[in-house]
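First up is the structure itself, then whatever we jot down about it.
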Amino acid sequence: MNIIEAKKTGRKTPQSDLVSVREFLQSWNLPALQAVRIKSIPNDDSKLNRIAHKMDVNDETVKELAEVCAPENLMCGDEPKTRKELLEMYTRPNVRLECVRHQMEQRALRASNQCCRQAAHSHMKYSRVDEFTFVRPLEESRRLSVPWGQRVPIPNVLLSVQVSKCLLSKSSNPKIRSSETFMVLGTQTLADLKDAIRCPLDEVIAGDYSNMPDIETETLLKAKQIYKSGFFYIENVFYNDLRFPDNKDYSKPILEWSKSNWPDKKMSVADMATTKFLDLQIKLGCYYLFTHQGNCEHSILFQDMRLFTAEDGQDVKLFPQSISERLRQRRRCQGCSKISAQWVVFDSPLIPTDPCFLCYICFKTFLYTKDGRKTSNFKAHHYAEHCV
């Protein structure tokens, strides 16, 4: 059973048949793979020789193609070097496009007029980069000199797992939007993936701290340190997190409900700390469920599965490895419309909306006197905008 059907979300994701990860690994020639242990990344000459052999051409032709199609020859020299430069939407002076001209005029107007700049920022039209996705470079991790005891055991399988943002049950137009993509090893457990998933709700500091606004947040417990329970639901199996004695079995009420309302459905329970990805039977392209913090739900999508090679990071500590992450939209302070919000305020006659998101400066200026006393009986909670 698919917890989230692709047709309901507007996505047409092709799904594979049910695949056993362990059988996929065993389908390869394991004795030959176990006899080969890659100690270093091959040099460029050996790569070119292998390419020439596969293309059935001579080495000189491949070397000429490598020189002509080198990355430095495919660039004009003024490409953005960093992510910040890429998001600044730079333009060349010789571009004669009306849209570019209007854009440059608007940017100059916002730079000279503070009111225009605040109006533009309040709509979050020009500063939203939520749709921009970047991929982390892996070249450095591939070339690390890894001690023998820290190397990834081979033969092994690499799975690409896409984790969505929080799924809001009350949303009128639910959409599955990816948050991060991980590369996990077949010998790793589901608990390793759970620990790698970053969710804003895990960073929440519960409670009203309006009487202690200057307390250091590093000394306070976050939600992930208090509520550690959770489960993966994959192919009718609940994989619960029972590593700590105070963890709760979230699947228990669901199983009790299914017995009376869905008697023909067979579901089982397992421990995610002892279940490896090699033990799973999955469908590539099928959405599964991850639940934590009581009712915070994420969709889990297995995108790809392949054999571990020498081109991958050789250090087992690198996995689960985040290879793609969606930039998060920050929430601005409703007081100054510049700094990111750090507090959520309730039940105050001075705030324009209830709740109101304020930065630390506006929070202290609007709601406290000079000697640090509250101006009214309001409630204030720390705001966790995005993961650290």
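Every chain in the structure tokens takes a letter, A first, then B, and so on in the order presented; its residues are numbered from 1, and the ligands are numbered from 1 following the presented order.
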Exercise for the section: Can you pull out every residue within 12 Å of Pro253 in chain A, counting only C-alpha atoms, but drop anything in the same chain fewer than 6 positions away, and send it as a PyMOL selection string? Expected result: chain A and resi 238+259-260
Exercise for the section: Tell me which protein, DNA and RNA residues are within 8 Å of range 343-358 of chain A, counting only C-alpha atoms, leaving out same-chain ones fewer than 4 positions away, and put them as an MDAnalysis selection string. Expected result: chainID A and resid 331:335 362:363 366:367 376:383
Practice task
Might you pull out every residue within 12 Å of Pro245 in chain A, with only C-alpha atoms counted and same-chain residues fewer than 6 positions away left off, and present them as a PyMOL selection string?
Solution key: chain A and resi 227-229
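Here CA of Leu278 in chain A and CA of Asn156 in chain A stand 9.1 Å from one another.
Interatomic distance, CA of Thr309 in chain A to CA of Leu18 in chain A: 24.0 Å.
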